[in-house]
$ cat start32.cif   # mmCIF, C-alpha atoms
data_protein
#
loop_
_atom_site.label_atom_id
_atom_site.label_comp_id
_atom_site.auth_asym_id
_atom_site.auth_seq_id
_atom_site.Cartn_x
_atom_site.Cartn_y
_atom_site.Cartn_z
CA MET A 1 -92.76 -1.27 68.65
CA SER A 2 -95.59 -1.22 66.13
CA ALA A 3 -93.07 -0.35 63.44
CA ASP A 4 -91.04 -3.42 64.42
CA ILE A 5 -94.11 -5.60 64.22
CA GLU A 6 -94.96 -4.31 60.75
CA GLN A 7 -91.41 -4.87 59.55
CA ALA A 8 -91.16 -8.44 60.78
CA PRO A 9 -90.81 -11.11 58.08
CA ALA A 10 -94.14 -12.36 56.81
CA TRP A 11 -93.47 -15.90 58.05
CA GLN A 12 -92.98 -14.66 61.60
CA GLN A 13 -96.21 -12.68 61.36
CA ALA A 14 -97.93 -15.84 60.12
CA ILE A 15 -96.74 -17.80 63.16
CA PHE A 16 -98.32 -15.37 65.58
CA ARG A 17 -101.55 -15.34 63.55
CA VAL A 18 -101.73 -19.13 63.76
CA LEU A 19 -101.03 -19.22 67.51
CA LYS A 20 -103.57 -16.50 68.21
CA ALA A 21 -106.25 -18.07 66.03
CA GLY A 22 -105.47 -21.45 67.59
CA GLY A 23 -106.28 -20.19 71.05
CA VAL A 24 -102.77 -20.34 72.50
CA ARG A 25 -102.87 -18.47 75.81
CA GLN A 26 -99.36 -19.02 77.16
CA VAL A 27 -96.22 -18.31 75.14
CA ALA A 28 -93.10 -19.50 76.96
CA TYR A 29 -89.68 -18.82 75.55
CA VAL A 30 -85.98 -18.57 75.76
CA PRO A 31 -85.45 -15.83 73.19
CA ASP A 32 -84.07 -16.22 69.71
CA ALA A 33 -83.93 -13.71 66.89
CA GLY A 34 -86.25 -15.88 64.81
CA HIS A 35 -88.90 -15.72 67.53
CA ALA A 36 -88.53 -12.00 68.18
CA HIS A 37 -91.74 -10.98 66.47
CA VAL A 38 -93.91 -13.62 68.14
CA ILE A 39 -92.44 -12.70 71.52
CA ARG A 40 -93.14 -9.00 70.94
CA CYS A 41 -96.72 -9.79 69.94
CA ALA A 42 -97.24 -12.07 72.94
CA VAL A 43 -95.96 -9.37 75.30
CA ALA A 44 -98.31 -6.84 73.70
CA ASP A 45 -101.40 -9.10 73.70
CA PRO A 46 -103.54 -8.77 76.85
CA ASP A 47 -105.08 -12.20 76.27
CA ILE A 48 -101.75 -14.02 76.11
CA GLN A 49 -99.31 -14.63 78.94
CA ASP A 50 -95.68 -14.32 77.88
CA ILE A 51 -93.30 -16.29 80.08
CA VAL A 52 -89.57 -15.79 79.79
CA LEU A 53 -87.76 -18.90 81.02
CA THR A 54 -84.32 -19.35 82.51
CA THR A 55 -83.98 -22.71 80.75
CA GLU A 56 -86.12 -24.41 78.15
CA GLU A 57 -87.07 -27.43 80.25
CA GLU A 58 -89.17 -25.14 82.43
CA GLY A 59 -91.34 -24.62 79.37
CA VAL A 60 -92.08 -28.34 79.05
CA ALA A 61 -93.33 -28.48 82.64
CA LEU A 62 -95.18 -25.20 82.18
CA ALA A 63 -97.00 -26.62 79.15
CA CYS A 64 -98.14 -29.52 81.31
CA GLY A 65 -99.50 -27.16 83.95
CA ALA A 66 -101.24 -25.01 81.36
CA TRP A 67 -102.98 -28.04 79.87
CA LEU A 68 -103.99 -29.35 83.29
CA GLY A 69 -105.63 -25.96 83.80
CA GLY A 70 -107.31 -25.99 80.40
CA GLN A 71 -105.06 -23.71 78.39
CA ARG A 72 -103.03 -24.20 75.23
CA SER A 73 -99.40 -23.12 75.30
CA VAL A 74 -96.39 -23.04 73.03
CA LEU A 75 -92.67 -23.24 73.80
CA LEU A 76 -90.37 -21.14 71.63
CA MET A 77 -86.69 -22.00 71.67
CA GLN A 78 -83.51 -22.35 69.67
CA SER A 79 -82.15 -25.75 68.68
CA SER A 80 -79.59 -25.68 71.50
CA GLY A 81 -82.47 -25.50 73.96
CA VAL A 82 -83.80 -28.86 72.88
CA GLY A 83 -80.83 -30.47 74.58
CA ASN A 84 -81.78 -28.79 77.83
CA CYS A 85 -85.24 -30.39 77.69
CA ILE A 86 -84.45 -34.05 77.29
CA ASN A 87 -85.47 -35.55 80.63
CA MET A 88 -88.36 -33.14 81.09
CA LEU A 89 -89.82 -34.33 77.78
CA SER A 90 -90.49 -37.66 79.51
CA LEU A 91 -93.32 -35.86 81.31
CA LEU A 92 -95.20 -35.62 78.01
CA GLN A 93 -95.25 -39.36 77.48
CA SER A 94 -95.69 -40.28 81.12
CA ALA A 95 -98.89 -38.26 81.45
CA ASP A 96 -99.79 -38.28 77.72
CA LEU A 97 -99.92 -34.53 77.30
CA PRO A 98 -100.31 -32.43 74.15
CA PHE A 99 -97.25 -30.32 73.38
CA LEU A 100 -96.28 -27.76 70.77
CA THR A 101 -92.82 -26.27 70.39
CA LEU A 102 -91.36 -24.10 67.67
CA VAL A 103 -87.60 -24.43 67.31
CA THR A 104 -85.39 -22.05 65.35
CA MET A 105 -82.45 -23.98 63.96
CA ARG A 106 -78.78 -23.20 64.25
CA GLY A 107 -75.77 -25.12 63.08
CA GLU A 108 -77.22 -26.20 59.76
CA HIS A 109 -76.92 -23.42 57.18
CA ALA A 110 -74.18 -20.81 56.74
CA GLU A 111 -73.34 -21.21 60.42
CA PHE A 112 -70.47 -19.06 61.61
CA ASN A 113 -70.26 -20.54 65.11
CA PRO A 114 -69.04 -24.14 65.25
CA TRP A 115 -70.31 -24.48 68.83
CA GLN A 116 -73.86 -24.54 67.42
CA GLY A 117 -73.12 -27.60 65.30
CA PRO A 118 -73.24 -30.54 67.71
CA MET A 119 -76.69 -29.75 69.08
CA GLY A 120 -78.08 -28.36 65.85
CA ARG A 121 -77.21 -31.51 63.92
CA ASN A 122 -78.87 -33.67 66.56
CA THR A 123 -81.91 -31.59 67.40
CA GLN A 124 -84.36 -33.61 65.33
CA ALA A 125 -82.98 -36.95 66.50
CA ALA A 126 -83.05 -35.85 70.14
CA LEU A 127 -86.69 -34.83 69.90
CA GLU A 128 -87.61 -38.05 68.14
CA LEU A 129 -85.76 -40.13 70.71
CA MET A 130 -87.99 -38.59 73.35
CA GLY A 131 -91.18 -39.27 71.45
CA VAL A 132 -91.79 -35.85 69.95
CA HIS A 133 -93.07 -35.78 66.36
CA VAL A 134 -90.92 -33.48 64.24
CA MET A 135 -92.18 -31.32 61.38
CA ARG A 136 -90.07 -29.00 59.25
CA ALA A 137 -90.56 -25.63 57.63
CA HIS A 138 -87.80 -24.85 55.15
CA HIS A 139 -89.39 -22.06 53.15
CA ALA A 140 -91.15 -18.90 54.22
CA GLU A 141 -94.29 -19.67 52.24
CA GLU A 142 -94.88 -23.00 53.99
CA VAL A 143 -94.43 -21.80 57.58
CA GLU A 144 -98.06 -20.86 58.17
CA GLU A 145 -99.42 -24.20 56.96
CA VAL A 146 -96.85 -26.31 58.82
CA VAL A 147 -97.31 -24.46 62.12
CA SER A 148 -101.08 -24.62 61.72
CA ALA A 149 -100.93 -28.37 61.07
CA ALA A 150 -98.68 -28.85 64.09
CA LEU A 151 -101.03 -26.87 66.31
CA ASP A 152 -103.96 -29.02 65.22
CA ALA A 153 -101.97 -32.21 65.80
CA ALA A 154 -101.08 -31.04 69.31
CA PHE A 155 -104.37 -29.71 70.54
CA GLU A 156 -106.92 -31.57 68.44
CA ALA A 157 -105.15 -34.95 68.43
CA GLY A 158 -103.13 -34.66 71.63
CA GLU A 159 -99.78 -35.20 69.92
CA LYS A 160 -96.37 -33.96 71.05
CA VAL A 161 -95.08 -31.90 68.14
CA ALA A 162 -92.05 -29.80 67.30
CA VAL A 163 -91.75 -27.58 64.25
CA LEU A 164 -88.14 -26.97 63.26
CA LEU A 165 -87.80 -23.62 61.53
CA SER A 166 -84.83 -23.97 59.20
CA GLN A 167 -81.88 -21.67 59.58
CA ARG A 168 -82.32 -20.55 55.97
CA LEU A 169 -85.55 -18.85 57.02
CA ILE A 170 -83.73 -16.66 59.48
CA GLY A 171 -80.94 -15.92 57.04
CA ARG A 172 -77.27 -15.34 57.51
CA LYS A 173 -76.34 -13.82 60.80
CA SER A 174 -74.23 -10.68 60.64
CA TRP A 175 -71.26 -11.03 62.97
CA HIS A 176 -70.07 -7.49 62.66
CA ARG A 177 -71.65 -4.99 65.00
CA LYS A 178 -72.51 -1.70 63.40
CA MET B 6 -87.54 -29.58 112.89
CA MET B 7 -91.02 -30.74 111.96
CA ASP B 8 -92.57 -34.09 111.12
CA ARG B 9 -93.15 -33.77 107.37
CA ARG B 10 -96.33 -35.84 107.33
CA VAL B 11 -97.91 -33.83 110.12
CA PHE B 12 -96.91 -30.53 108.51
CA VAL B 13 -98.35 -31.44 105.10
CA ALA B 14 -101.55 -32.88 106.56
CA ARG B 15 -102.19 -29.79 108.69
CA LEU B 16 -101.36 -27.43 105.84
CA LEU B 17 -103.66 -29.15 103.36
CA ALA B 18 -106.45 -29.42 105.94
CA GLY B 19 -106.56 -25.65 105.74
CA LEU B 20 -106.64 -25.65 101.92
CA PRO B 21 -109.39 -28.11 100.96
CA ASP B 22 -110.02 -26.70 97.49
CA ALA B 23 -106.44 -25.89 96.44
CA LEU B 24 -104.87 -27.37 93.30
CA VAL B 25 -101.80 -29.26 94.52
CA VAL B 26 -98.75 -30.21 92.45
CA THR B 27 -96.10 -32.40 94.08
CA GLY B 28 -92.48 -33.02 93.31
CA LEU B 29 -91.34 -36.60 92.92
CA GLY B 30 -90.48 -38.79 95.88
CA SER B 31 -91.17 -38.05 99.51
CA SER B 32 -93.26 -34.94 98.95
CA ALA B 33 -95.63 -36.91 96.72
CA TYR B 34 -95.97 -39.57 99.41
CA ASP B 35 -96.62 -36.89 102.04
CA VAL B 36 -99.40 -35.28 100.02
CA PHE B 37 -100.98 -38.65 99.22
CA ALA B 38 -100.76 -39.70 102.87
CA ALA B 39 -102.70 -36.57 103.78
CA GLY B 40 -105.58 -37.88 101.65
CA ASP B 41 -105.86 -38.53 97.94
CA ARG B 42 -107.75 -35.80 96.07
CA ASP B 43 -108.78 -35.35 92.45
CA ARG B 44 -107.12 -31.92 92.62
CA ASN B 45 -103.68 -33.45 93.31
CA PHE B 46 -101.17 -33.90 90.50
CA TYR B 47 -98.33 -36.17 91.58
CA LEU B 48 -95.05 -36.14 89.71
CA TRP B 49 -93.09 -39.38 89.61
CA GLY B 50 -90.31 -37.97 87.47
CA ALA B 51 -89.56 -34.71 85.62
CA MET B 52 -87.30 -33.62 88.46
CA GLY B 53 -87.13 -29.84 88.63
CA GLY B 54 -90.51 -29.49 86.97
CA ALA B 55 -92.87 -29.06 89.90
CA ALA B 56 -92.55 -25.27 90.25
CA PRO B 57 -92.77 -24.39 86.54
CA LEU B 58 -95.67 -26.84 86.19
CA GLY B 59 -97.37 -24.98 89.01
CA LEU B 60 -96.73 -21.70 87.21
CA GLY B 61 -98.46 -22.87 84.02
CA LEU B 62 -101.38 -24.09 86.08
CA ALA B 63 -101.61 -20.89 88.14
CA LEU B 64 -101.62 -18.75 85.00
CA ALA B 65 -104.31 -20.94 83.44
CA ARG B 66 -106.51 -20.91 86.57
CA PRO B 67 -106.17 -17.43 88.10
CA GLN B 68 -109.24 -17.97 90.27
CA GLU B 69 -107.81 -21.09 91.94
CA LYS B 70 -105.16 -21.48 94.62
CA VAL B 71 -102.21 -23.47 93.28
CA VAL B 72 -99.80 -25.01 95.79
CA VAL B 73 -96.59 -26.76 94.78
CA ILE B 74 -95.30 -29.09 97.48
CA THR B 75 -91.82 -30.36 96.78
CA GLY B 76 -88.50 -31.19 98.37
CA ASP B 77 -85.24 -29.26 98.56
CA GLY B 78 -83.50 -31.48 96.00
CA GLU B 79 -86.32 -31.17 93.44
CA MET B 80 -86.52 -27.41 93.97
CA LEU B 81 -82.77 -27.01 93.59
CA MET B 82 -82.80 -28.83 90.25
CA GLY B 83 -85.32 -26.32 88.86
CA ILE B 84 -84.15 -23.38 90.93
CA GLY B 85 -84.14 -20.97 87.97
CA SER B 86 -87.91 -21.37 87.74
CA LEU B 87 -88.15 -19.18 90.84
CA ALA B 88 -86.86 -16.32 88.66
CA THR B 89 -89.46 -17.20 86.03
CA ILE B 90 -92.18 -17.18 88.69
CA ALA B 91 -90.92 -13.92 90.17
CA ALA B 92 -91.06 -12.33 86.71
CA LYS B 93 -94.74 -13.32 86.29
CA ARG B 94 -95.81 -12.73 89.89
CA PRO B 95 -98.91 -14.97 89.90
CA PRO B 96 -100.75 -14.06 93.12
CA ASN B 97 -102.36 -17.50 93.35
CA LEU B 98 -99.15 -19.57 93.32
CA SER B 99 -97.39 -20.84 96.44
CA ILE B 100 -94.30 -23.04 96.55
CA VAL B 101 -93.81 -25.07 99.71
CA VAL B 102 -90.39 -26.68 99.95
CA LEU B 103 -90.14 -29.50 102.46
CA ASP B 104 -86.49 -28.97 103.30
CA ASN B 105 -84.76 -31.81 105.10
CA GLY B 106 -81.36 -30.94 103.67
CA HIS B 107 -81.07 -34.34 102.05
CA TYR B 108 -81.86 -36.42 98.99
CA GLY B 109 -84.14 -38.85 100.80
CA GLU B 110 -85.08 -41.08 97.90
CA THR B 111 -81.51 -42.05 97.05
CA GLY B 112 -80.04 -42.81 100.44
CA MET B 113 -80.08 -39.54 102.39
CA GLN B 114 -77.09 -37.86 100.82
CA ARG B 115 -76.73 -34.25 101.98
CA SER B 116 -78.15 -31.60 99.66
CA HIS B 117 -76.98 -28.05 99.11
CA THR B 118 -79.36 -26.71 101.75
CA ALA B 119 -77.39 -28.73 104.32
CA LEU B 120 -74.17 -27.37 102.86
CA GLY B 121 -74.79 -23.65 102.87
CA THR B 122 -77.62 -22.76 100.49
CA ASP B 123 -80.35 -20.63 102.07
CA LEU B 124 -83.54 -21.19 100.06
CA VAL B 125 -85.31 -18.14 101.46
CA ALA B 126 -82.38 -15.90 100.56
CA VAL B 127 -82.24 -17.49 97.11
CA ALA B 128 -85.96 -16.90 96.58
CA ARG B 129 -85.67 -13.27 97.68
CA GLY B 130 -82.67 -12.84 95.45
CA PHE B 131 -84.73 -14.05 92.51
CA GLY B 132 -87.33 -11.42 93.33
CA LEU B 133 -89.83 -13.40 95.38
CA ALA B 134 -90.26 -10.87 98.16
CA GLN B 135 -92.65 -13.12 100.05
CA ALA B 136 -90.41 -15.93 101.19
CA LEU B 137 -90.49 -17.32 104.69
CA SER B 138 -89.08 -20.18 106.69
CA THR B 139 -90.71 -22.17 109.44
CA ASP B 140 -89.84 -25.05 111.71
CA ARG B 141 -92.97 -24.78 113.87
CA LEU B 142 -96.02 -26.92 113.22
CA ASP B 143 -98.12 -24.27 114.88
CA ASP B 144 -97.41 -22.02 111.87
CA CYS B 145 -99.39 -24.39 109.59
CA GLU B 146 -102.70 -22.64 109.95
CA SER B 147 -101.33 -19.13 109.41
CA ILE B 148 -99.40 -20.31 106.35
CA ALA B 149 -102.55 -21.93 104.98
CA GLN B 150 -104.35 -18.65 105.49
CA GLN B 151 -101.59 -16.74 103.73
CA ILE B 152 -101.75 -19.16 100.79
CA GLY B 153 -105.52 -18.87 100.77
CA ALA B 154 -105.35 -15.09 100.56
CA CYS B 155 -103.78 -15.37 97.08
CA SER B 156 -101.54 -12.38 97.61
CA GLY B 157 -98.40 -14.18 96.44
CA PRO B 158 -96.39 -15.55 94.85
CA LEU B 159 -95.19 -17.09 98.09
CA LEU B 160 -92.31 -19.41 98.90
CA VAL B 161 -92.33 -21.35 102.17
CA GLN B 162 -89.29 -23.24 103.38
CA ALA B 163 -90.65 -25.85 105.78
CA ARG B 164 -87.77 -27.28 107.77
CA VAL B 165 -88.56 -30.95 108.35
CA GLN B 166 -86.74 -33.86 109.94
CA ALA B 167 -84.46 -35.94 107.73
CA ASP B 168 -86.34 -39.16 108.30
CA GLU B 169 -88.20 -41.53 106.03
CA PRO B 170 -91.82 -42.10 107.02
CA PRO B 171 -93.46 -45.26 105.66
CA ARG B 172 -93.92 -45.15 101.91
CA ILE B 173 -97.52 -44.62 100.93
CA LEU B 174 -97.54 -44.51 97.17
CA PRO B 175 -99.89 -42.35 95.10
CA PRO B 176 -101.05 -43.60 91.71
CA ARG B 177 -98.27 -43.45 89.11
CA ASP B 178 -100.54 -43.81 86.10
CA GLY B 179 -99.95 -40.38 84.57
CA PRO B 180 -102.91 -40.29 82.17
CA PHE B 181 -105.23 -41.31 85.03
CA ILE B 182 -103.92 -38.53 87.29
CA LYS B 183 -104.12 -36.00 84.46
CA ASN B 184 -107.64 -36.94 83.38
CA ARG B 185 -108.91 -37.02 86.94
CA PHE B 186 -107.40 -33.61 87.66
CA ARG B 187 -108.85 -32.04 84.51
CA ALA B 188 -112.26 -33.59 85.12
CA ALA B 189 -112.27 -32.07 88.61
CA LEU B 190 -111.90 -28.68 86.91
CA GLY B 191 -114.74 -29.44 84.53
CA LEU B 192 -112.44 -29.84 81.53
CA ALA B 193 -113.58 -32.28 78.86
CA PRO B 194 -111.26 -34.68 77.03
CA PHE B 195 -110.25 -33.36 73.62
#

$ encode --input "start32.cif" --output "structure tokens"
Amino acid sequence: MSADIEQAPAWQQAIFRVLKAGGVRQVAYVPDAGHAHVIRCAVADPDIQDIVLTTEEEGVALACGAWLGGQRSVLLMQSSGVGNCINMLSLLQSADLPFLTLVTMRGEHAEFNPWQGPMGRNTQAALELMGVHVMRAHHAEEVEEVVSAALDAAFEAGEKVAVLLSQRLIGRKSWHRK
Amino acid sequence: MMDRRVFVARLLAGLPDALVVTGLGSSAYDVFAAGDRDRNFYLWGAMGGAAPLGLGLALARPQEKVVVITGDGEMLMGIGSLATIAAKRPPNLSIVVLDNGHYGETGMQRSHTALGTDLVAVARGFGLAQALSTDRLDDCESIAQQIGACSGPLLVQARVQADEPPRILPPRDGPFIKNRFRAALGLAPF
């Protein structure tokens, strides 16, 4: 596992550094390849609870519970998961809760699977419709700063923030199994 | 079948310091009717969110007892969260489902638990080994003790009558409920 962690892209390593330094204690996720490193690190870190969800909306409610109990959390998901969260996001406005989610994008760059398109093209709009502020990281070198700014906005200013991690960061998916 | 108000009042009487999360609708009214507390967090929406909200809270406050009190319809909407809870196994989390087999808030349409779904079997299937059902008010005190022992996670199916007691409405000002709850835990505003 340590070899995997060392070989992870630098931007993924930067994300975990930011979350750890920012005092995030609960990492909830529906897995995605782009989040693989952060998930591995969360599982390995004795000070962080990793929570695998059956559907992303659980993570919105979980974030509310964590904050009520005094902990910072993050929800990791793929763009398709945003659609699963829509009504649960109303919780954030109704109780005015801080919220941080990191979303790996599909359906926007060199996408092989057309079924990813409808949700991927509407991910940002869906989040904004539900009152979540959307930030973007297109390039590897800006990921650390954008995620760090989003974390501050969430937990220092009480905002509801999503960072969309562009599909170009993750790169082309190989569809041929070795 | 039990009177839901009596069941909730007797259960919470045995858990004076527990952190309580309610589902929306009748279960929120039941908990409020038992006596408003700073340590209650009432949902008025976010259907399906009570159990995962309780999980985040239980993980954040491992020294506190966290009790989710919700209805069968609300639990069914977030039923996968029982798998999430079973995977984390928080010993201080209990889920109490007030099961009347109906969607009470919308006109008493039958729910899945009146049409064949067995919540205790579902919970066990998800990996929650400690899942029990009761329709006896005299079980309240032993259930409260079991919750208080923090040897969970625990799921309780409380079989209650499909009636509609008078509505007694908890505050629905979310920021007020949140700030009051956090203040009770000694948490400062950001």

$ residues_around --input "start32.cif" --residues "Gly23 in chain A" --least-positions-apart "4" --cutoff "9 Å" --atoms "all atoms listed in the file" --output "PyMOL selection string"
chain A and resi 18-19+71-73

$ resolve_selection --input "start32.cif" --expression "the PyMOL selection byres ((chain B) within 10 of (chain A))" --output "NGL selection string"
:B and (24 or 26 or 46 or 48-67 or 69 or 83-90 or 92-93 or 177-188 or 190-195)

$ closest_residue --input "start32.cif" --among "A:Met135, A:Leu169, A:Leu151, A:Val146" --to "Pro9 in chain A" --atoms "all atoms listed in the file"
A:Leu169

$ atom_distance --input "start32.cif" --atom1 "CA of Ile100 in chain B" --atom2 "CA of Gln135 in chain B"
10.6 Å

$ resolve_selection --input "start32.cif" --expression "the PyMOL selection byres ((chain A and resi 140) around 8)" --output "NGL selection string"
:A and (10-11 or 137-139 or 141-143 or 169)

$ atom_distance --input "start32.cif" --atom1 "CA of Val82 in chain A" --atom2 "CA of Ala126 in chain A"
7.5 Å

$ resolve_selection --input "start32.cif" --expression "the PyMOL selection byres ((chain A and resi 31) around 8)" --output "ChimeraX atom specification"
/A:29-30,32-33,35-36,39,52,76-78

$ write_last_selection --input "start32.cif" --atoms "C-alpha atoms" --output "PDB file, in the frame of the given file"
ATOM      1  CA  TYR A  29     -89.680 -18.820  75.550  1.00  0.00           C
ATOM      2  CA  VAL A  30     -85.980 -18.570  75.760  1.00  0.00           C
ATOM      3  CA  ASP A  32     -84.070 -16.220  69.710  1.00  0.00           C
ATOM      4  CA  ALA A  33     -83.930 -13.710  66.890  1.00  0.00           C
ATOM      5  CA  HIS A  35     -88.900 -15.720  67.530  1.00  0.00           C
ATOM      6  CA  ALA A  36     -88.530 -12.000  68.180  1.00  0.00           C
ATOM      7  CA  ILE A  39     -92.440 -12.700  71.520  1.00  0.00           C
ATOM      8  CA  VAL A  52     -89.570 -15.790  79.790  1.00  0.00           C
ATOM      9  CA  LEU A  76     -90.370 -21.140  71.630  1.00  0.00           C
ATOM     10  CA  MET A  77     -86.690 -22.000  71.670  1.00  0.00           C
ATOM     11  CA  GLN A  78     -83.510 -22.350  69.670  1.00  0.00           C
TER      12      GLN A  78
END

$ closest_residue --input "start32.cif" --among "A:Leu164, A:Glu144, A:Cys41, A:Leu129" --to "Ser80 in chain A" --atoms "all atoms listed in the file"
A:Leu164

$ atom_distance --input "start32.cif" --atom1 "CA of Ala149 in chain B" --atom2 "CA of Arg9 in chain B"
15.3 Å

$ closest_residue --input "start32.cif" --among "A:Phe112, A:Ile48, A:Val147, A:Glu56" --to "Ala14 in chain A" --atoms "only C-alpha atoms"
A:Val147

$ residues_around --input "start32.cif" --residues "Gly19 in chain B" --least-positions-apart "6" --cutoff "12 Å" --atoms "all atoms listed in the file" --output "list in words"
Phe12, Val13, Ala39, Lys70, Asp144, Cys145, Glu146, Ser147, Ile148, Ala149, Gln150, Gln151, Ile152, Gly153 and Ala154 of chain B

$ residues_around --input "start32.cif" --residues "Pro171 in chain B" --least-positions-apart "2" --cutoff "9 Å" --atoms "all atoms listed in the file" --output "list in words"
Tyr34, Glu169 and Ile173 of chain B

$ residues_near_point --input "start32.cif" --point "(-80.9, -19.7, 96.9)" --cutoff "12 Å" --atoms "only C-alpha atoms" --output "PyMOL selection string"
chain B and resi 77+80-88+117-118+120-133+136+160+162

$ closest_residue --input "start32.cif" --among "A:Gly22, A:Ala8, A:Pro46, A:His109" --to "Ala149 in chain A" --atoms "only C-alpha atoms"
A:Gly22

$ closest_residue --input "start32.cif" --among "B:Asp8, B:Asp168, B:Glu79, B:Asp140" --to "Ala33 in chain B" --atoms "only C-alpha atoms"
B:Glu79

$ closest_residue --input "start32.cif" --among "A:Arg136, A:Arg168, A:His37, A:Arg17" --to "Val103 in chain A" --atoms "all atoms listed in the file"
A:Arg136

$ residues_around --input "start32.cif" --residues "range 161-163 of chain A" --least-positions-apart "4" --cutoff "6 Å" --atoms "only C-alpha atoms" --output "PyMOL selection string"
chain A and resi 99-102+132-136

$ write_last_selection --input "start32.cif" --atoms "C-alpha atoms" --output "PDB file, in the frame of the given file"
ATOM      1  CA  PHE A  99     -97.250 -30.320  73.380  1.00  0.00           C
ATOM      2  CA  LEU A 100     -96.280 -27.760  70.770  1.00  0.00           C
ATOM      3  CA  THR A 101     -92.820 -26.270  70.390  1.00  0.00           C
ATOM      4  CA  LEU A 102     -91.360 -24.100  67.670  1.00  0.00           C
ATOM      5  CA  VAL A 132     -91.790 -35.850  69.950  1.00  0.00           C
ATOM      6  CA  HIS A 133     -93.070 -35.780  66.360  1.00  0.00           C
ATOM      7  CA  VAL A 134     -90.920 -33.480  64.240  1.00  0.00           C
ATOM      8  CA  MET A 135     -92.180 -31.320  61.380  1.00  0.00           C
ATOM      9  CA  ARG A 136     -90.070 -29.000  59.250  1.00  0.00           C
TER      10      ARG A 136
END

$ residues_around --input "start32.cif" --residues "Glu108 in chain A" --least-positions-apart "4" --cutoff "8 Å" --atoms "only C-alpha atoms" --output "CSV table (one decimal) with C-alpha atoms, in the frame of the given file"
chain,number,residue,atom,x,y,z
A,117,GLY,CA,-73.1,-27.6,65.3
A,120,GLY,CA,-78.1,-28.4,65.8
A,121,ARG,CA,-77.2,-31.5,63.9
A,166,SER,CA,-84.8,-24.0,59.2
A,167,GLN,CA,-81.9,-21.7,59.6

$ build_atoms --input "start32.cif" --residues "range 28-39 of chain A" --atoms "N, CA and C atoms" --output "PDB file, in the frame of the given file"
ATOM      1  N   ALA A  28     -94.310 -19.403  76.139  1.00  0.00           N
ATOM      2  CA  ALA A  28     -93.100 -19.500  76.960  1.00  0.00           C
ATOM      3  C   ALA A  28     -91.892 -19.536  76.048  1.00  0.00           C
ATOM      4  N   TYR A  29     -90.814 -18.918  76.475  1.00  0.00           N
ATOM      5  CA  TYR A  29     -89.680 -18.820  75.550  1.00  0.00           C
ATOM      6  C   TYR A  29     -88.361 -18.574  76.245  1.00  0.00           C
ATOM      7  N   VAL A  30     -87.325 -19.104  75.624  1.00  0.00           N
ATOM      8  CA  VAL A  30     -85.980 -18.570  75.760  1.00  0.00           C
ATOM      9  C   VAL A  30     -85.726 -17.867  74.433  1.00  0.00           C
ATOM     10  N   PRO A  31     -85.402 -16.605  74.437  1.00  0.00           N
ATOM     11  CA  PRO A  31     -85.450 -15.830  73.190  1.00  0.00           C
ATOM     12  C   PRO A  31     -84.506 -16.331  72.110  1.00  0.00           C
ATOM     13  N   ASP A  32     -84.915 -16.057  70.875  1.00  0.00           N
ATOM     14  CA  ASP A  32     -84.070 -16.220  69.710  1.00  0.00           C
ATOM     15  C   ASP A  32     -84.519 -15.183  68.696  1.00  0.00           C
ATOM     16  N   ALA A  33     -83.598 -14.755  67.858  1.00  0.00           N
ATOM     17  CA  ALA A  33     -83.930 -13.710  66.890  1.00  0.00           C
ATOM     18  C   ALA A  33     -85.111 -14.137  66.016  1.00  0.00           C
ATOM     19  N   GLY A  34     -85.162 -15.400  65.664  1.00  0.00           N
ATOM     20  CA  GLY A  34     -86.250 -15.880  64.810  1.00  0.00           C
ATOM     21  C   GLY A  34     -87.609 -15.854  65.484  1.00  0.00           C
ATOM     22  N   HIS A  35     -87.637 -15.782  66.794  1.00  0.00           N
ATOM     23  CA  HIS A  35     -88.900 -15.720  67.530  1.00  0.00           C
ATOM     24  C   HIS A  35     -89.233 -14.302  67.985  1.00  0.00           C
ATOM     25  N   ALA A  36     -88.405 -13.347  67.600  1.00  0.00           N
ATOM     26  CA  ALA A  36     -88.530 -12.000  68.180  1.00  0.00           C
ATOM     27  C   ALA A  36     -89.918 -11.403  67.953  1.00  0.00           C
ATOM     28  N   HIS A  37     -90.442 -11.576  66.762  1.00  0.00           N
ATOM     29  CA  HIS A  37     -91.740 -10.980  66.470  1.00  0.00           C
ATOM     30  C   HIS A  37     -92.853 -11.612  67.307  1.00  0.00           C
ATOM     31  N   VAL A  38     -92.852 -12.935  67.379  1.00  0.00           N
ATOM     32  CA  VAL A  38     -93.910 -13.620  68.140  1.00  0.00           C
ATOM     33  C   VAL A  38     -93.816 -13.223  69.612  1.00  0.00           C
ATOM     34  N   ILE A  39     -92.604 -13.109  70.124  1.00  0.00           N
ATOM     35  CA  ILE A  39     -92.440 -12.700  71.520  1.00  0.00           C
ATOM     36  C   ILE A  39     -92.979 -11.286  71.725  1.00  0.00           C
TER      37      ILE A  39
END
